[in-house]
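All remarks here apply to the structure that follows.
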Amino acid sequence: MVLHSLKNCLWLSCGLRTPKACFWSTAGGALVIQSVSNDVYQNLAVEDWIHDHMDLEKQQVLFLWRNSPAVVIGRHQNPWQECNLRLLRQKNIKLARRRSGGGTVYHDLGNINLTFFTTRKKYERMENLKLVVKALKALRPQLDVHVTDRYDILLDRQYKISGTAAKLGRTSAYHHCTLLCNADKFVLSSVLKSPFKGLKSNATPSVPALVKNLFEEDPSLTSEMLLDAIAKEYAVQHQIDHHITLINPTDETLLPGISNKTKELQTWEWVYGKTPKFSISTCLNMTYKDSVLDIKVNMDVKHGRIEVCNIDLPEKWLPPELYSELVKSLIGSKFCPNETTTLVTTLLRVCPQDDELHSRWSLLCENMIRLM
Amino acid sequence: MAAVTALRSSCRAAGRLVCIHRVRSCSSIRFIKSKYVCVFDKSALKFSHQQRLFRTSAVSCGQIVQFKLSDIGEGITEVTVKEWYIKEGDSVSQFDSICEVQSDKASVTITSRYDGVIRKLHYSIDDIAFVGKPLVDIEIDASKGVASEEDVVETPPMSHEEHTHQEIKGHKTLATPAVRRLAMENNIKLSEVVGTGKDNRILKEDILNYLAKQTGAILPPSPKAEIVPPQRKAETVPSAPKDKARKIPVPVSRPIAFSEKDKTEPVTGFQKAMVKTMSAALKIPHFGYSDEIDLTQLVQLREELKPLAEIRGVKLSFMPFFIKAASLGLLQYPILNASLDENCQNVTYKASHNIGVAMDTEQGLIVPNVKNVQVCSVFDIAVELNRLQSLGSAGQLGTSDLTGGTFTLSNIGTIGGTYAKPVILPPEVAIGAFGKIQVLPRFNSKGEVIKAQIMNVSWSADHRIIDGATMARFSNLWKSYLENPALMLLDLK
């Protein structure tokens, strides 16, 4: 395997002028590249960049990447429904929304990601997955791996080791998939379990599956070996030399506009705001002094912002003006703990300074915030 | 009456069949002679069997075209509509994104084939859409005579015989209608532009680069002046900054239409919180009091203590000292740590010194507070500040961190400035803001000029219950603690 550093690559002169750039003049109709970054947003931005700017007519691309711990949800999914957001925040695990469809996955360095870039016409997921299976079998012939018609790869006929998603644009398309080599299964299962009850949405739901690491099947396997085997198979099938070009997703000269793409993927508007409209109908169990209260809460959230909010409080538990102030502030606000905390604590400044009132308010608000 | 002609012409360059639908309406002679219109010689055209009937109203000459959902691939026949990027009444250009559909883990962006105005969306969100069935109805803007379309198979668009003035040496210049319009609006001959697209196709970027290079070209003062009103698509003139990550180096003298409009957004979230707080603060009659502090000794002390704090894993700034000194001062002047009730009937002297620290985060201003500073050491305060700062930048502050404050300090000097006029945060009655620490020349007791570390403090207080003298005395005491840190030792509890 030969790893080419970027400095040794040739630039074709069609740089900024053309909307589709064709850099790295390698002989042959395909190219294998690998990201030097483990930042999920940077790597997703590279996918966007290649999809938007590369001329895939002349050259297909295989992009290899790995991320530090992150949960990646599909384009049309609901993060509240798909994962345990509180746990993610506690463990400092990033949350990203990709542009392709499909379900939610957990990434860490024990998981490898493969993206197959082709023109829209040459978009063919089954072929790509068969390539991966072929590569795995070439590496370890005894592995029982096969592709299902749901585009998953199963190990031993029952454990999912790879999930697939795809994005199609006007002229180009990409199909990416994961491959579990040695990911932390414990974190994976705890993080992908949403504690949310009473959430109604038309967002694409994930289909939970039993997973296994390839490492468990054969401890001699490493992520690097798998990446190399797949790159080799790709090179053979596309009749190119087996070498992997490294790219740096922060290189603005090579990938003009990439930092904007990276930034956009991290905005709240993209990660949370793109959630399809959903509604919550749940019950807050609050213990106040000696009594236990069951407060029904109904909310509608659109574009990640609260559209409708109803809290069924016992009469006079809070002064009615304060209650209506609370509801008025929440409507239009992000369904986000940070923003809600700021709002409710601010409201507390401008209401009567009464300890009893303050403690009730704090109790209610803390429970509301816990929902987010 | 509308005359519709559909034609099939062979693409000489690619040697493949391209299906082009040509729509012409309103057989007025003025229309035909307009330079925006493609006039064609009928004899050169072959009529295809595909004819469409279009309705035209007397009001507009636009043709409504049904844009069908094109083939997704892999034998897929139906998809779910997930998001619309446009709504009825919006103008679209060719290649603009119309909607996002999903099918079996694949998300597909559907782009427009036409320039025009969206007249009807055939599906709502979450509906199932069928391949080959109409997705949207687009009214093609016939008064501009632009109506050529391409097949989904992406072959280069044909340049038509009628554009005789665009022919150069027998070559046809290839360009999409959007590009042609841009060229026409800027009085550019396509023949003079170098195309960098496929088959030397002229792209938007080529026109814009050409314009940028022109130093003495005659251009209309504003493209809008040239366009015959009403221009429905005025704001989608291609020179609008839709180009991906591209800056157009245009000299200032030629204002190429850069359609920047005012942007109105609702006030939500952090801004809403600020509006509430500041509106309430407005009711408080503020008075200000400022002074200069010589921090030379404190700077030295901090330098000595910083590494010791780091060993304990804590970042030590000046704030813990300012906060502790303020608390010591509040012990002598408890009225500054009080709260006035709504009717101004009662003053409540708060027992705890919960000193708030203004923090600037990405989302905006938040003020978490350090609880019970009166029983904390400077180190304790530093630890707590570190905790609040990391939570604040992660956006994870809790309600208890943000409530219960009794007195606030704002170190705006870390960003810059000297004097400030801080606004009191209700229900508090006082606030202090610090400018930056500057090295300035001052006279010492011997009358010599020395280098001094000077910082300005600006206090604001509620004049209903606090008078200038109290504020001044508090400030003097606070100042003395900081100018002579050893004095703090004497009064530490």
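Identifiers for the structure tokens are assigned positionally: chains receive A, B, ... in sequence, residues are indexed from 1 per chain, and ligands are indexed from 1 in the order shown.
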
*asked:* So that I can check the secondary structure, give me every residue of segment 62-156 of chain A assigned alpha helix (DSSP H) by backbone DSSP, as a PyMOL selection string.
replied: chain A and resi 79-82+85-90+125-139

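Those residues of chain B that fall within 7 Å of chain A when using only C-alpha atoms read B:Gln102, B:Lys105, B:Ala106, B:Ser107, B:Val108, B:Thr109, B:Ile110, B:Thr111, B:Thr196, B:Gly197, B:Glu205, B:Ala245, B:Thr268, B:Gly269, B:Phe270, B:Ala273, B:Thr277, B:Ala280, B:Glu342, B:Gly395, B:Gln396, B:Gly398, B:Thr399, B:Leu402, B:Thr403, B:Pro426, B:Pro427.
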
*Contacts of Ser327 of chain B at 12 Å or less, counting only C-alpha atoms, minus same-chain residues fewer than 5 places along, as a ChimeraX atom specification?*
/B:320-322,332-334,336-337,351-356,370-378,381,406-409,474-475,477-478,481,488,491-493

_When DSSP is applied to the backbone of this structure, which of segment 411-489 of chain B are assigned strand (DSSP E or B)? Write them out as number ranges by chain._
B: 430-434, 438-443, 449-462

*Residues within 8 Å of segment 59-69 of chain A, only C-alpha atoms, excluding chain neighbours under 6 positions, as a ChimeraX atom specification*: /A:28-40,43,93-94,106-119,227,231,234

Write out the residues from the selection above, keeping N, CA and C atoms, as a short mmCIF file (atom, residue, chain, number, x, y, z; two decimals), in the first residue's frame.
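Saved as part_17.cif:
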```
data_model
loop_
_atom_site.label_atom_id
_atom_site.label_comp_id
_atom_site.auth_asym_id
_atom_site.auth_seq_id
_atom_site.Cartn_x
_atom_site.Cartn_y
_atom_site.Cartn_z
N GLY A 28 -6.57 6.82 -14.62
CA GLY A 28 -7.61 5.87 -14.25
C GLY A 28 -8.89 6.57 -13.85
N GLY A 29 -9.96 5.81 -13.91
CA GLY A 29 -11.27 6.43 -13.68
C GLY A 29 -11.71 6.45 -12.25
N ALA A 30 -10.78 6.27 -11.29
CA ALA A 30 -11.22 6.26 -9.90
C ALA A 30 -10.11 6.74 -8.98
N LEU A 31 -10.50 7.06 -7.77
CA LEU A 31 -9.58 7.64 -6.80
C LEU A 31 -9.98 7.20 -5.41
N VAL A 32 -8.99 6.87 -4.58
CA VAL A 32 -9.28 6.52 -3.20
C VAL A 32 -8.66 7.58 -2.29
N ILE A 33 -9.50 8.19 -1.45
CA ILE A 33 -8.96 9.20 -0.54
C ILE A 33 -9.34 8.88 0.90
N GLN A 34 -8.50 9.34 1.81
CA GLN A 34 -8.75 9.09 3.23
C GLN A 34 -8.56 10.38 4.00
N SER A 35 -9.45 10.61 4.96
CA SER A 35 -9.38 11.85 5.73
C SER A 35 -8.38 11.71 6.87
N VAL A 36 -7.62 12.78 7.12
CA VAL A 36 -6.69 12.74 8.25
C VAL A 36 -7.38 13.21 9.52
N SER A 37 -8.64 13.64 9.39
CA SER A 37 -9.33 14.20 10.55
C SER A 37 -10.31 13.19 11.14
N ASN A 38 -10.53 13.31 12.45
CA ASN A 38 -11.54 12.48 13.09
C ASN A 38 -12.74 13.30 13.54
N ASP A 39 -12.86 14.47 12.97
CA ASP A 39 -13.98 15.32 13.34
C ASP A 39 -15.16 15.04 12.42
N VAL A 40 -16.26 14.62 13.02
CA VAL A 40 -17.40 14.18 12.20
C VAL A 40 -17.92 15.29 11.29
N ASN A 43 -15.55 15.78 8.31
CA ASN A 43 -15.64 14.69 7.35
C ASN A 43 -16.94 14.72 6.57
N ILE A 93 -20.27 13.59 23.65
CA ILE A 93 -20.34 12.94 22.34
C ILE A 93 -21.05 13.89 21.40
N LYS A 94 -20.46 14.09 20.22
CA LYS A 94 -21.05 15.06 19.29
C LYS A 94 -22.29 14.48 18.64
N TYR A 106 -23.92 5.14 15.62
CA TYR A 106 -22.92 5.65 16.56
C TYR A 106 -21.55 5.43 15.93
N HIS A 107 -20.74 6.49 15.91
CA HIS A 107 -19.40 6.37 15.36
C HIS A 107 -18.38 6.51 16.46
N ASP A 108 -17.34 5.71 16.42
CA ASP A 108 -16.12 6.04 17.16
C ASP A 108 -14.97 5.49 16.34
N LEU A 109 -13.76 5.55 16.88
CA LEU A 109 -12.62 5.17 16.04
C LEU A 109 -12.62 3.69 15.70
N GLY A 110 -13.46 2.92 16.36
CA GLY A 110 -13.54 1.50 16.04
C GLY A 110 -14.53 1.22 14.92
N ASN A 111 -15.05 2.28 14.32
CA ASN A 111 -16.00 2.12 13.22
C ASN A 111 -15.43 2.83 12.01
N ILE A 112 -15.48 2.18 10.86
CA ILE A 112 -14.98 2.88 9.66
C ILE A 112 -16.13 3.24 8.74
N ASN A 113 -15.97 4.34 8.05
CA ASN A 113 -16.98 4.83 7.12
C ASN A 113 -16.44 4.83 5.71
N LEU A 114 -17.27 4.39 4.79
CA LEU A 114 -16.87 4.34 3.39
C LEU A 114 -17.91 5.08 2.57
N THR A 115 -17.44 5.99 1.72
CA THR A 115 -18.39 6.69 0.86
C THR A 115 -18.01 6.46 -0.59
N PHE A 116 -18.97 5.96 -1.37
CA PHE A 116 -18.74 5.71 -2.78
C PHE A 116 -19.40 6.82 -3.58
N PHE A 117 -18.58 7.62 -4.26
CA PHE A 117 -19.10 8.73 -5.07
C PHE A 117 -19.15 8.32 -6.53
N THR A 118 -20.33 8.51 -7.14
CA THR A 118 -20.46 8.22 -8.57
C THR A 118 -21.37 9.29 -9.17
N THR A 119 -21.52 9.22 -10.51
CA THR A 119 -22.53 10.08 -11.11
C THR A 119 -23.88 9.47 -10.76
N LEU A 227 -9.65 -0.99 6.26
CA LEU A 227 -9.60 0.13 5.32
C LEU A 227 -8.74 -0.22 4.13
N ALA A 231 -9.85 -0.64 0.21
CA ALA A 231 -9.22 0.23 -0.79
C ALA A 231 -8.57 -0.62 -1.89
N TYR A 234 -11.22 -2.03 -4.19
CA TYR A 234 -11.76 -0.95 -5.03
C TYR A 234 -10.80 -0.65 -6.18
#
```

_Contacts of segment 88-96 of chain B within 6 Å, only C-alpha atoms, excl. fewer than 6 positions in-chain, as JSON, numbers by chain_ = {"B": [111, 112, 113, 114, 115, 116, 117, 118, 119, 120]}

_Contact residues around Leu95 of chain A with only C-alpha atoms at 10 Å, ignoring same-chain residues under 4 positions, as a ChimeraX atom specification_ = /A:40-41,69-73,79,83,85,88-89,106,266,271-272
